[in-house]
$ cat target-v9.cif   # mmCIF, C-alpha atoms
data_query
loop_
_atom_site.label_atom_id
_atom_site.label_comp_id
_atom_site.auth_asym_id
_atom_site.auth_seq_id
_atom_site.Cartn_x
_atom_site.Cartn_y
_atom_site.Cartn_z
CA MET A 56 -8.52 19.94 19.78
CA LEU A 57 -8.06 18.07 16.55
CA ASN A 58 -5.43 19.60 14.31
CA VAL A 59 -4.80 17.95 11.00
CA VAL A 60 -2.94 19.05 7.92
CA VAL A 61 -3.37 16.68 4.99
CA GLU A 62 -2.37 16.92 1.37
CA ILE A 63 -5.16 17.47 -1.11
CA GLY A 64 -5.90 15.38 -4.19
CA CYS A 65 -8.11 12.30 -3.79
CA ASP A 66 -10.41 13.09 -6.69
CA PHE A 67 -11.74 9.87 -8.26
CA THR A 68 -11.51 11.00 -11.88
CA GLU A 69 -7.92 12.09 -11.37
CA LEU A 70 -7.04 8.77 -9.69
CA LEU A 71 -8.68 6.90 -12.57
CA ARG A 72 -6.71 8.89 -15.13
CA GLN A 73 -3.43 8.46 -13.23
CA HIS A 74 -3.64 4.77 -12.47
CA GLN A 75 -5.72 3.11 -15.18
CA ALA A 76 -2.63 1.90 -17.05
CA MET A 77 -1.13 0.38 -13.90
CA VAL A 78 -4.29 -1.46 -12.91
CA PHE A 79 -5.09 -2.67 -16.42
CA SER A 80 -1.52 -3.81 -17.00
CA ILE A 81 -1.32 -5.80 -13.75
CA ALA A 82 -4.46 -7.67 -14.79
CA LEU A 83 -3.31 -8.05 -18.40
CA HIS A 84 0.16 -9.37 -17.63
CA PHE A 85 -1.19 -11.75 -15.02
CA LEU A 86 -4.20 -13.02 -16.95
CA ARG A 87 -3.04 -12.61 -20.56
CA ASP A 88 -6.50 -11.72 -21.81
CA ARG A 89 -7.40 -8.14 -22.71
CA ALA A 90 -11.16 -8.46 -22.28
CA THR A 91 -10.84 -10.13 -18.89
CA ALA A 92 -8.16 -7.64 -17.85
CA GLU A 93 -10.50 -4.77 -18.66
CA GLU A 94 -13.31 -6.37 -16.63
CA VAL A 95 -10.98 -6.83 -13.68
CA ALA A 96 -9.65 -3.27 -14.00
CA GLN A 97 -13.19 -1.88 -14.09
CA GLU A 98 -14.03 -3.82 -10.93
CA VAL A 99 -10.95 -2.41 -9.20
CA PHE A 100 -11.91 1.19 -9.96
CA PHE A 101 -15.50 0.47 -9.11
CA SER A 102 -14.28 -0.77 -5.72
CA LEU A 103 -12.23 2.42 -5.36
CA HIS A 104 -15.35 4.46 -6.07
CA ARG A 105 -17.22 2.69 -3.27
CA ASN A 106 -14.33 3.02 -0.83
CA LEU A 107 -13.07 6.49 -1.71
CA HIS A 108 -13.89 7.74 1.78
CA GLN A 109 -11.20 5.40 3.14
CA ILE A 110 -8.49 6.81 0.89
CA GLU A 111 -6.42 9.38 2.69
CA THR A 112 -3.72 10.52 0.27
CA PRO A 113 -2.78 10.04 -3.40
CA LEU A 114 0.09 7.77 -2.31
CA HIS A 115 -2.30 5.65 -0.30
CA ALA A 116 -4.60 5.48 -3.35
CA ALA A 117 -1.80 4.15 -5.56
CA ALA A 118 -0.84 1.46 -3.05
CA TRP A 119 -4.51 0.61 -2.47
CA LEU A 120 -5.20 0.27 -6.19
CA ARG A 121 -2.14 -1.89 -6.74
CA LYS A 122 -3.08 -4.21 -3.89
CA VAL A 123 -6.69 -4.57 -4.97
CA ALA A 124 -5.67 -5.08 -8.61
CA VAL A 125 -3.33 -7.87 -7.50
CA GLN A 126 -6.04 -9.50 -5.42
CA ARG A 127 -8.72 -9.28 -8.10
CA ALA A 128 -6.37 -10.57 -10.79
CA ILE A 129 -5.40 -13.53 -8.60
CA ASP A 130 -9.08 -14.25 -7.84
CA GLU A 131 -9.98 -14.11 -11.53
CA GLY A 132 -7.04 -16.35 -12.36
CA ARG A 133 -8.31 -18.95 -9.92
CA ARG A 134 -11.80 -18.77 -11.38
CA ARG A 135 -10.35 -19.50 -14.79
CA SER A 136 -7.91 -22.14 -13.58
CA ARG A 137 -10.34 -24.91 -14.27
CA LYS A 138 -9.68 -24.36 -17.93
CA PRO A 139 -6.65 -26.24 -19.31
CA GLN A 140 -3.46 -24.28 -18.70
CA LEU A 141 -0.78 -23.92 -21.30
CA ALA A 142 2.31 -25.67 -19.96
CA LEU A 143 5.66 -23.95 -20.18
CA GLU A 144 6.91 -26.62 -22.58
CA ASP A 145 3.98 -26.09 -24.94
CA VAL A 146 4.64 -22.43 -25.52
CA ALA A 147 5.33 -22.15 -29.22
CA GLU A 148 8.68 -20.93 -30.29
CA PRO A 149 8.87 -17.60 -32.04
CA ALA A 150 8.19 -17.54 -35.76
CA ALA A 151 11.03 -18.34 -38.12
CA ALA A 152 12.29 -14.75 -38.04
CA ALA A 153 15.40 -14.38 -35.91
CA VAL A 154 14.90 -13.15 -32.36
CA LYS A 155 17.08 -10.26 -31.38
CA PRO A 156 17.40 -8.17 -28.21
CA SER A 157 14.52 -5.72 -27.79
CA ASP A 158 12.54 -7.74 -30.35
CA PRO A 159 8.77 -7.63 -29.93
CA LEU A 160 8.77 -11.39 -30.59
CA LEU A 161 11.02 -11.89 -27.57
CA SER A 162 8.76 -9.70 -25.46
CA GLU A 163 5.75 -11.72 -26.52
CA LEU A 164 7.58 -14.98 -25.77
CA LEU A 165 8.55 -13.73 -22.32
CA ARG A 166 4.96 -12.71 -21.58
CA LYS A 167 3.75 -16.18 -22.60
CA LEU A 168 6.41 -17.88 -20.49
CA ILE A 169 5.53 -15.77 -17.48
CA ALA A 170 1.86 -16.63 -17.94
CA THR A 171 2.73 -20.30 -17.43
CA LEU A 172 4.36 -19.70 -14.05
CA PRO A 173 2.36 -20.64 -10.96
CA GLU A 174 0.26 -17.88 -9.49
CA ALA A 175 2.61 -16.60 -6.79
CA PRO A 176 5.85 -16.31 -8.80
CA ARG A 177 3.86 -14.95 -11.75
CA MET A 178 2.51 -12.05 -9.73
CA VAL A 179 5.92 -11.51 -8.12
CA MET A 180 7.45 -11.15 -11.60
CA VAL A 181 4.71 -8.74 -12.72
CA LEU A 182 5.18 -6.54 -9.66
CA ARG A 183 8.94 -6.61 -10.03
CA TYR A 184 9.27 -5.91 -13.73
CA GLN A 185 6.13 -3.96 -14.50
CA GLU A 186 5.93 -1.90 -11.31
CA ASP A 187 9.63 -1.95 -10.42
CA LEU A 188 8.83 -2.80 -6.81
CA ASP A 189 11.66 -4.06 -4.65
CA PRO A 190 11.28 -7.40 -2.82
CA SER A 191 10.16 -5.82 0.46
CA GLU A 192 7.46 -3.83 -1.34
CA ILE A 193 6.31 -6.97 -3.17
CA ALA A 194 6.31 -8.86 0.14
CA ALA A 195 4.06 -6.19 1.67
CA ALA A 196 1.72 -6.19 -1.34
CA LEU A 197 1.36 -9.97 -1.38
CA GLU A 198 1.69 -10.50 2.38
CA MET A 199 4.44 -13.05 2.02
CA PRO A 200 7.92 -13.13 3.56
CA VAL A 201 10.65 -11.23 1.74
CA ALA A 202 12.70 -14.43 1.48
CA THR A 203 9.84 -16.11 -0.38
CA VAL A 204 9.63 -13.22 -2.82
CA LYS A 205 13.35 -13.39 -3.48
CA SER A 206 13.14 -17.14 -3.95
CA HIS A 207 10.30 -16.78 -6.49
CA LEU A 208 12.27 -14.16 -8.38
CA GLN A 209 15.45 -16.20 -8.44
CA ARG A 210 13.77 -19.44 -9.50
CA SER A 211 11.66 -17.76 -12.15
CA LEU A 212 14.69 -16.08 -13.69
CA VAL A 213 16.60 -19.38 -13.73
CA LEU A 214 13.61 -21.11 -15.32
CA LEU A 215 13.18 -18.44 -17.96
CA ARG A 216 16.89 -18.39 -18.77
CA GLY A 217 16.79 -22.15 -19.25
CA LYS A 218 13.73 -22.04 -21.50
CA LEU A 219 15.20 -19.28 -23.59
CA ALA A 220 18.60 -20.95 -23.82
CA ARG A 221 16.97 -24.11 -25.18
CA ARG A 222 15.53 -21.91 -27.91
CA GLY A 223 18.93 -20.49 -28.60
CA ILE A 224 18.04 -17.16 -27.04
CA GLY A 225 20.41 -15.57 -24.59
CA GLU A 226 23.09 -13.03 -23.99
CA SER A 227 25.67 -15.01 -25.87
CA GLY A 228 23.40 -16.82 -28.25
CA TRP A 229 20.82 -14.69 -29.97
CA THR A 230 19.29 -16.65 -32.79
CA GLY A 231 19.88 -15.49 -36.29
CA MET B 273 21.98 -4.36 -16.18
CA ASP B 274 21.22 -8.09 -16.67
CA TRP B 275 19.95 -8.65 -20.22
CA LEU B 276 17.02 -10.84 -19.19
CA GLU B 277 15.81 -8.36 -16.59
CA ASP B 278 16.09 -5.65 -19.20
CA GLU B 279 13.94 -7.68 -21.59
CA LEU B 280 11.47 -8.51 -18.84
CA ARG B 281 11.01 -4.81 -18.07
CA ARG B 282 10.39 -4.23 -21.75
CA ALA B 283 7.96 -7.16 -22.04
CA LEU B 284 6.05 -6.21 -18.89
CA ALA B 285 6.00 -2.44 -19.43
CA ARG B 286 2.66 -0.90 -18.62
CA GLN B 287 0.20 -0.80 -21.47
CA ASP B 288 -2.45 1.86 -21.92
CA ALA B 289 -5.92 0.92 -20.84
CA PRO B 290 -8.31 0.33 -23.77
CA VAL B 291 -9.77 3.38 -25.47
CA GLY B 292 -12.84 4.61 -23.59
CA PHE B 293 -11.98 2.68 -20.41
CA ALA B 294 -12.22 5.71 -18.14
CA GLU B 295 -15.56 6.75 -19.64
CA ARG B 296 -16.99 3.26 -19.08
CA VAL B 297 -15.88 3.27 -15.45
CA LEU B 298 -17.32 6.73 -14.83
CA ALA B 299 -20.60 5.80 -16.51
CA ARG B 300 -20.87 2.76 -14.29
CA GLY B 301 -20.01 4.82 -11.20
CA ARG B 302 -22.86 7.23 -11.91
CA ARG B 303 -25.32 4.34 -11.88
CA GLU B 304 -24.20 3.19 -8.40
CA PRO B 305 -26.14 3.95 -5.19
CA HIS B 306 -24.79 6.71 -2.92
CA GLY B 307 -21.58 5.82 -1.17
CA ALA B 308 -20.41 6.94 2.26
CA ARG B 309 -18.50 9.90 0.80
CA ARG B 310 -21.66 11.34 -0.75
CA TRP B 311 -23.53 10.64 2.47
CA LEU B 312 -20.98 12.65 4.41
CA ALA B 313 -21.11 15.56 1.97
CA ALA B 314 -24.93 15.48 2.04
CA ALA B 315 -24.90 15.39 5.84
CA ALA B 316 -22.64 18.46 5.93
CA MET B 317 -25.02 20.36 3.63
CA VAL B 318 -28.04 19.49 5.79
CA VAL B 319 -26.18 20.72 8.85
CA VAL B 320 -25.28 24.02 7.23
CA ALA B 321 -28.88 24.50 6.06
CA ALA B 322 -30.63 23.45 9.24
CA GLY B 323 -27.97 24.24 11.87
CA ALA B 324 -28.62 20.86 13.52
CA ALA B 325 -25.97 20.39 16.24
CA GLY B 326 -26.47 16.65 16.35
CA ALA B 327 -25.74 16.09 12.66
CA TRP B 328 -22.73 18.39 12.83
CA ARG B 329 -21.38 16.46 15.78
CA GLN B 330 -21.83 13.25 13.81
CA HIS B 331 -19.93 14.75 10.89
CA GLN B 332 -17.16 15.76 13.30
CA GLY B 333 -17.14 12.24 14.65
CA TYR B 334 -16.64 10.65 11.24
CA GLU B 335 -13.89 13.14 10.47
CA ALA B 336 -12.19 12.34 13.78
CA LYS B 337 -12.47 8.63 13.01
CA ARG B 338 -10.96 9.20 9.56
CA GLU B 339 -7.98 11.03 11.04
CA MET B 340 -7.51 8.39 13.73
CA MET B 341 -7.45 5.62 11.11
CA LEU B 342 -4.94 7.62 9.07
CA ALA B 343 -2.66 8.05 12.10
CA LEU B 344 -2.86 4.36 12.99
CA ARG B 345 -2.21 3.34 9.40
CA LEU B 346 0.95 5.45 9.29
CA ALA B 347 2.10 3.99 12.63
CA ALA B 348 1.19 0.42 11.70
CA ALA B 349 3.06 0.27 8.38
CA PRO B 350 6.62 0.25 9.79
CA MET B 351 5.57 -2.17 12.54
CA HIS B 352 4.20 -4.53 9.92
CA ARG B 353 7.44 -4.36 7.93
CA ILE B 354 9.38 -5.38 11.04
CA GLN B 355 6.97 -8.22 11.61
CA LEU B 356 7.53 -9.46 8.04
CA GLU B 357 11.30 -9.20 8.47
CA VAL B 358 11.18 -11.20 11.72
CA LYS B 359 9.00 -13.80 9.98
CA ASP B 360 11.55 -13.86 7.17
CA ILE B 361 14.49 -14.41 9.54
CA THR B 362 12.84 -17.11 11.59
CA GLN B 363 11.72 -19.18 8.56
CA MET C 107 4.05 21.29 -1.32
CA LYS C 108 0.31 20.88 -1.15
CA THR C 109 -1.24 21.20 2.27
CA LEU C 110 -4.74 21.92 3.36
CA LEU C 111 -6.05 22.56 6.83
CA ILE C 112 -8.97 20.15 7.06
CA ALA C 113 -10.69 20.62 10.38
CA CYS C 114 -10.54 22.36 13.70
CA LEU C 115 -13.08 20.72 15.96
CA ALA C 116 -13.63 23.58 18.40
CA ALA C 117 -16.65 21.83 19.88
CA LEU C 118 -14.40 19.27 21.57
CA PRO C 119 -12.88 20.09 24.98
CA VAL C 120 -9.30 21.26 24.73
CA LEU C 121 -7.01 19.16 26.91
CA ALA C 122 -3.27 19.35 27.38
CA ALA C 123 -1.87 16.89 24.86
CA PRO C 124 0.43 14.38 26.57
CA GLN C 125 2.90 14.34 23.69
CA GLN C 126 6.02 12.65 25.06
CA PHE C 127 8.66 14.40 23.00
CA GLN C 128 8.81 17.43 20.74
CA LEU C 129 8.13 16.55 17.12
CA ASN C 130 10.35 19.36 15.90
CA LEU C 131 10.80 18.42 12.26
CA ASP C 132 10.57 21.83 10.60
CA SER C 133 13.70 21.20 8.54
CA VAL C 134 12.22 17.95 7.20
CA ALA C 135 8.86 19.58 6.47
CA ALA C 136 10.54 22.38 4.54
CA LYS C 137 12.16 19.89 2.17
CA SER C 138 9.18 17.56 1.72
CA SER C 139 6.88 17.44 -1.29
CA GLN C 140 3.91 16.18 0.73
CA HIS C 141 3.30 15.85 4.43
CA VAL C 142 0.74 14.57 6.90
CA ASP C 143 0.53 15.98 10.41
CA VAL C 144 -1.93 14.40 12.86
CA SER C 145 -2.29 15.11 16.60
CA LEU C 146 -5.09 13.32 18.46
CA ASN C 147 -5.53 13.56 22.22
CA SER C 148 -7.45 11.19 24.45
CA ALA C 149 -10.77 13.02 24.19
CA THR C 150 -10.66 13.03 20.41
CA LEU C 151 -9.75 9.35 20.29
CA GLN C 152 -12.61 8.42 22.58
CA PHE C 153 -14.98 10.55 20.51
CA ALA C 154 -13.75 8.97 17.25
CA ALA C 155 -14.08 5.48 18.72
CA LYS C 156 -17.85 5.96 18.99
CA PHE C 157 -18.00 5.97 15.20
CA LEU C 158 -16.10 2.73 14.69
CA ASP C 159 -18.07 -0.01 13.00
CA ALA C 160 -18.36 -3.02 15.30
CA ASP C 161 -19.05 -5.30 12.30
CA ASN C 162 -15.79 -4.34 10.60
CA PRO C 163 -12.96 -6.60 11.88
CA ASP C 164 -10.26 -3.93 11.41
CA GLU C 165 -12.32 -1.28 13.19
CA SER C 166 -13.10 -3.70 16.04
CA ARG C 167 -9.36 -4.27 16.47
CA VAL C 168 -8.81 -0.52 16.43
CA ARG C 169 -11.41 -0.05 19.16
CA LYS C 170 -9.52 -2.50 21.40
CA LEU C 171 -6.17 -1.02 20.41
CA ILE C 172 -7.01 2.53 21.42
CA GLU C 173 -8.51 1.63 24.79
CA GLY C 174 -5.25 2.32 26.60
CA ILE C 175 -4.01 5.13 24.34
CA GLU C 176 -3.85 8.70 25.57
CA GLY C 177 -2.65 10.35 22.41
CA ILE C 178 -1.35 9.69 18.90
CA TYR C 179 1.00 12.12 17.19
CA VAL C 180 2.19 11.44 13.65
CA ARG C 181 4.40 13.36 11.27
CA HIS C 182 4.81 11.78 7.82
CA TYR C 183 6.80 13.27 4.95
CA ASN C 184 7.32 12.30 1.33
CA PHE C 185 10.12 13.55 -0.88
CA LYS C 186 10.36 13.75 -4.65
CA SER C 187 13.78 12.11 -4.75
CA ALA C 188 16.33 10.38 -2.55
CA GLY C 189 19.00 12.42 -0.80
CA VAL C 190 16.74 15.33 0.09
CA TRP C 191 16.58 14.66 3.83
CA THR C 192 19.59 13.68 5.95
CA GLN C 193 20.14 11.94 9.28
CA ALA C 194 21.05 15.35 10.71
CA ASP C 195 17.40 16.41 10.17
CA LEU C 196 16.34 13.69 12.61
CA GLU C 197 18.87 14.59 15.31
CA PRO C 198 16.40 16.77 17.28
CA ILE C 199 14.18 13.68 17.60
CA ARG C 200 16.92 11.16 18.31
CA ALA C 201 18.51 13.41 20.92
CA GLN C 202 15.27 13.29 22.92
CA LEU C 203 14.91 9.52 22.48
CA HIS C 204 18.41 9.01 23.88
CA GLY C 205 17.15 10.32 27.21
CA PRO C 206 17.09 7.96 30.23
CA GLU C 207 13.33 7.42 30.08
CA TRP C 208 13.47 5.95 26.56
CA SER C 209 14.58 2.45 25.66
CA LYS C 210 15.15 1.27 22.09
CA ILE C 211 13.60 -2.15 21.50
CA VAL C 212 13.91 -2.49 17.74
CA GLY C 213 16.48 -1.22 15.29
CA SER C 214 16.10 -2.57 11.78
CA THR C 215 17.77 -1.54 8.54
CA ASN C 216 17.22 -2.83 5.05
CA ALA C 217 20.35 -2.56 2.93
CA GLU C 218 18.34 -3.23 -0.26
CA ASP C 219 15.95 -0.31 -0.11
CA GLY C 220 17.82 1.92 2.33
CA GLY C 221 14.93 1.79 4.78
CA SER C 222 15.22 1.77 8.55
CA THR C 223 12.84 1.45 11.47
CA GLU C 224 13.45 2.19 15.15
CA VAL C 225 10.95 1.50 17.92
CA TRP C 226 11.41 3.02 21.35
CA LEU C 227 9.48 2.53 24.58
CA HIS C 228 8.85 5.35 27.03
CA LEU C 229 9.34 3.95 30.52
CA ALA C 230 8.24 5.04 33.97
CA GLY C 231 10.05 2.60 36.25
CA ASN C 232 9.36 -0.81 34.75
CA LYS C 233 6.14 0.25 33.11
CA SER C 234 5.77 1.33 29.50
CA ILE C 235 3.78 4.54 29.17
CA GLY C 236 4.28 5.17 25.49
CA MET C 237 6.22 4.44 22.36
CA ALA C 238 7.98 6.14 19.48
CA ILE C 239 8.56 4.96 15.95
CA VAL C 240 11.09 6.51 13.60
CA ALA C 241 10.76 4.95 10.14
CA THR C 242 12.66 6.16 7.11
CA ASP C 243 13.52 5.31 3.59
CA PRO C 244 15.24 7.47 1.00
CA LYS C 245 11.97 9.18 0.03
CA GLU C 246 9.92 8.99 3.21
CA VAL C 247 10.18 9.90 6.88
CA THR C 248 7.60 8.93 9.50
CA VAL C 249 7.82 9.82 13.19
CA VAL C 250 5.14 8.58 15.56
CA ASN C 251 4.54 9.06 19.27
CA ILE C 252 1.82 7.01 20.93
CA ALA C 253 1.22 7.94 24.56
CA GLY C 254 -0.29 5.28 26.79
CA ASN C 255 -0.50 1.51 26.47
CA ILE C 256 -0.52 -0.09 23.07
CA ASP C 257 -0.40 -3.68 21.85
CA LEU C 258 2.46 -3.66 19.34
CA GLU C 259 1.47 -6.94 17.75
CA THR C 260 -2.08 -5.80 17.05
CA LEU C 261 -0.73 -2.56 15.66
CA ALA C 262 1.63 -4.50 13.37
CA LYS C 263 -1.23 -6.71 12.15
CA LEU C 264 -3.25 -3.67 11.17
CA GLY C 265 -0.37 -2.46 9.03
CA GLY C 266 -0.63 -5.37 6.64
CA HIS C 267 -4.08 -4.74 5.29
CA PHE C 268 -5.42 -1.58 6.83
CA GLY C 269 -8.41 -0.42 4.85
CA VAL C 270 -7.54 -2.77 2.00
CA PRO C 271 -9.12 -6.11 1.19
CA LYS C 272 -6.83 -8.80 2.59
CA VAL C 273 -4.76 -10.51 -0.08
CA LYS C 274 -4.92 -14.25 0.38
CA ASP C 275 -1.56 -15.93 0.78
CA PRO C 276 -1.09 -17.48 -2.69
CA LYS C 277 1.02 -20.21 -1.07
CA LYS C 278 -1.81 -21.33 1.24
CA GLU C 279 -4.40 -21.15 -1.55
CA HIS C 280 -2.14 -23.07 -3.92
CA LYS C 281 -2.01 -25.98 -1.48
CA GLU C 282 -5.76 -26.29 -1.76
CA ASP C 283 -5.66 -26.76 -5.59
#

$ encode --input "target-v9.cif" --output "structure tokens"
Amino acid sequence: MLNVVVEIGCDFTELLRQHQAMVFSIALHFLRDRATAEEVAQEVFFSLHRNLHQIETPLHAAAWLRKVAVQRAIDEGRRRSRKPQLALEDVAEPAAAAVKPSDPLLSELLRKLIATLPEAPRMVMVLRYQEDLDPSEIAAALEMPVATVKSHLQRSLVLLRGKLARRGIGESGWTG
Amino acid sequence: MDWLEDELRRALARQDAPVGFAERVLARGRREPHGARRWLAAAAMVVVAAGAAGAWRQHQGYEAKREMMLALRLAAAPMHRIQLEVKDITQ
Amino acid sequence: MKTLLIACLAALPVLAAPQQFQLNLDSVAAKSSQHVDVSLNSATLQFAAKFLDADNPDESRVRKLIEGIEGIYVRHYNFKSAGVWTQADLEPIRAQLHGPEWSKIVGSTNAEDGGSTEVWLHLAGNKSIGMAIVATDPKEVTVVNIAGNIDLETLAKLGGHFGVPKVKDPKKEHKED
């Protein structure tokens, strides 16, 4: 006898409503292009639509969507990688206005700096700071060892701190 | 909390999908050929209408497969985490 | 808590389920916000296996994996916040696994996320006739009993990308650039 009790709630429209921001944002923060991010996000949900019969629970759906969004964003990034990349050093400094904590200019600068990171640490940073995943969750999503995730996080933070410090931006040295 | 991590969370906060995104996805979904889920639902309706034991058994089979995959997925996840941790330690 | 009874396949023969310990987790279930409860005996597994897709690599692995399995019993619980369930809730399970016929082969804890995983083998003499997994984190409890022979490595491999397109290792791909 088969006896199963499973939670309800794998309706596609509901999943789309719940997770569209997550999926779009993963693509946007990784690719830095709204139009491309929307294309990627549409493909992710389209894939969900085709594979909905495999989705067992709402929690599984969220993890599935995150993983597929990561994969599709990485694939799209590689397709575009033939185009010249903006190097970290070439990222323009913020406009003359002083940069302060919680400043949108600082947020924009950080997003640009992250976009210049190599693929793996870039996605690690997105999953850590957008999705608030811990290193073991990121390791599972990207199928890489936890130590590698931690190393990417550490190095990226050191790199970003250095780049910001050279622009006079930091805990003890906000410009202006 | 570390100031840079604070700023990173702010910079990488989720943004809303573009206006009309959901409608565009749903419109595209309606144009797609029938997926397995609709096949299963259609099969169940045929069974109810025609009382065909064979089709019902097939529906039961796919349901049993679905539950088996769910059980294995739930069992496999912690095993995979251990495997990643062992890989982590030995590297 | 949302639950829904999905199916009762009365057409299948009813066999005594060789569950190897009592999955008495009523206190955990009462506190959970969502739960999954699956019990599959040998007949159901063999029946389900007929519907596996031989062209799908994951499903082919599953077919091999379940050849020696006599039953799979899973209880999985999610909680809205940390601190809802306690170790005392798992004592009825652990007390059974401390019996002489069980041997713990893995005990892993993660100080960062508060997660832990225990794997136990059910022994008859020197032969393994089943396994148990007790996996927890602050907002999740999973207890599994698999009766019969199972390849742990294949099971672990399935956990990485079950039902999800495999994510390429960015490190390996990067080397090709």

$ atom_distance --input "target-v9.cif" --atom1 "CA of Val225 (chain C)" --atom2 "CA of Asp132 (chain C)"
21.6 Å

$ interface_residues --input "target-v9.cif" --of "chain B" --to "chain A" --cutoff "8 Å" --atoms "all atoms listed in the file" --output "number ranges by chain"
B: 275-277, 279-290, 293-294, 297-298, 300-301, 307-309, 336, 338-339, 342, 353, 356-357, 359-360

$ atom_distance --input "target-v9.cif" --atom1 "CA of Ala230 (chain C)" --atom2 "CA of Ile211 (chain C)"
15.4 Å

$ interface_residues --input "target-v9.cif" --of "chain B" --to "chain C" --cutoff "6 Å" --atoms "all atoms listed in the file" --output "PyMOL selection string"
chain B and resi 333+336-337+348-349+351-352

$ closest_residue --input "target-v9.cif" --among "A:Gln209, A:Gly217, A:Trp119, A:Val179" --to "chain C" --atoms "all atoms listed in the file"
A:Trp119

$ closest_residue --input "target-v9.cif" --among "A:Asp66, A:Asp189, A:Pro113, A:Val125" --to "Asn184 (chain C)" --atoms "all atoms listed in the file"
A:Pro113

$ residues_near_point --input "target-v9.cif" --point "(1.0, 13.5, 25.6)" --cutoff "9 Å" --atoms "all atoms listed in the file" --output "ChimeraX atom specification"
/C:122-127,147-148,176-179,236,251-254

$ atom_distance --input "target-v9.cif" --atom1 "CA of Tyr183 (chain C)" --atom2 "CA of Ala135 (chain C)"
6.8 Å

$ closest_residue --input "target-v9.cif" --among "A:Arg135, A:Val204, A:Val123, A:Glu69" --to "chain C" --atoms "all atoms listed in the file"
A:Val123

$ closest_residue --input "target-v9.cif" --among "C:Asp219, C:Asp257, C:Glu197, C:Glu173" --to "chain A" --atoms "all atoms listed in the file"
C:Asp219
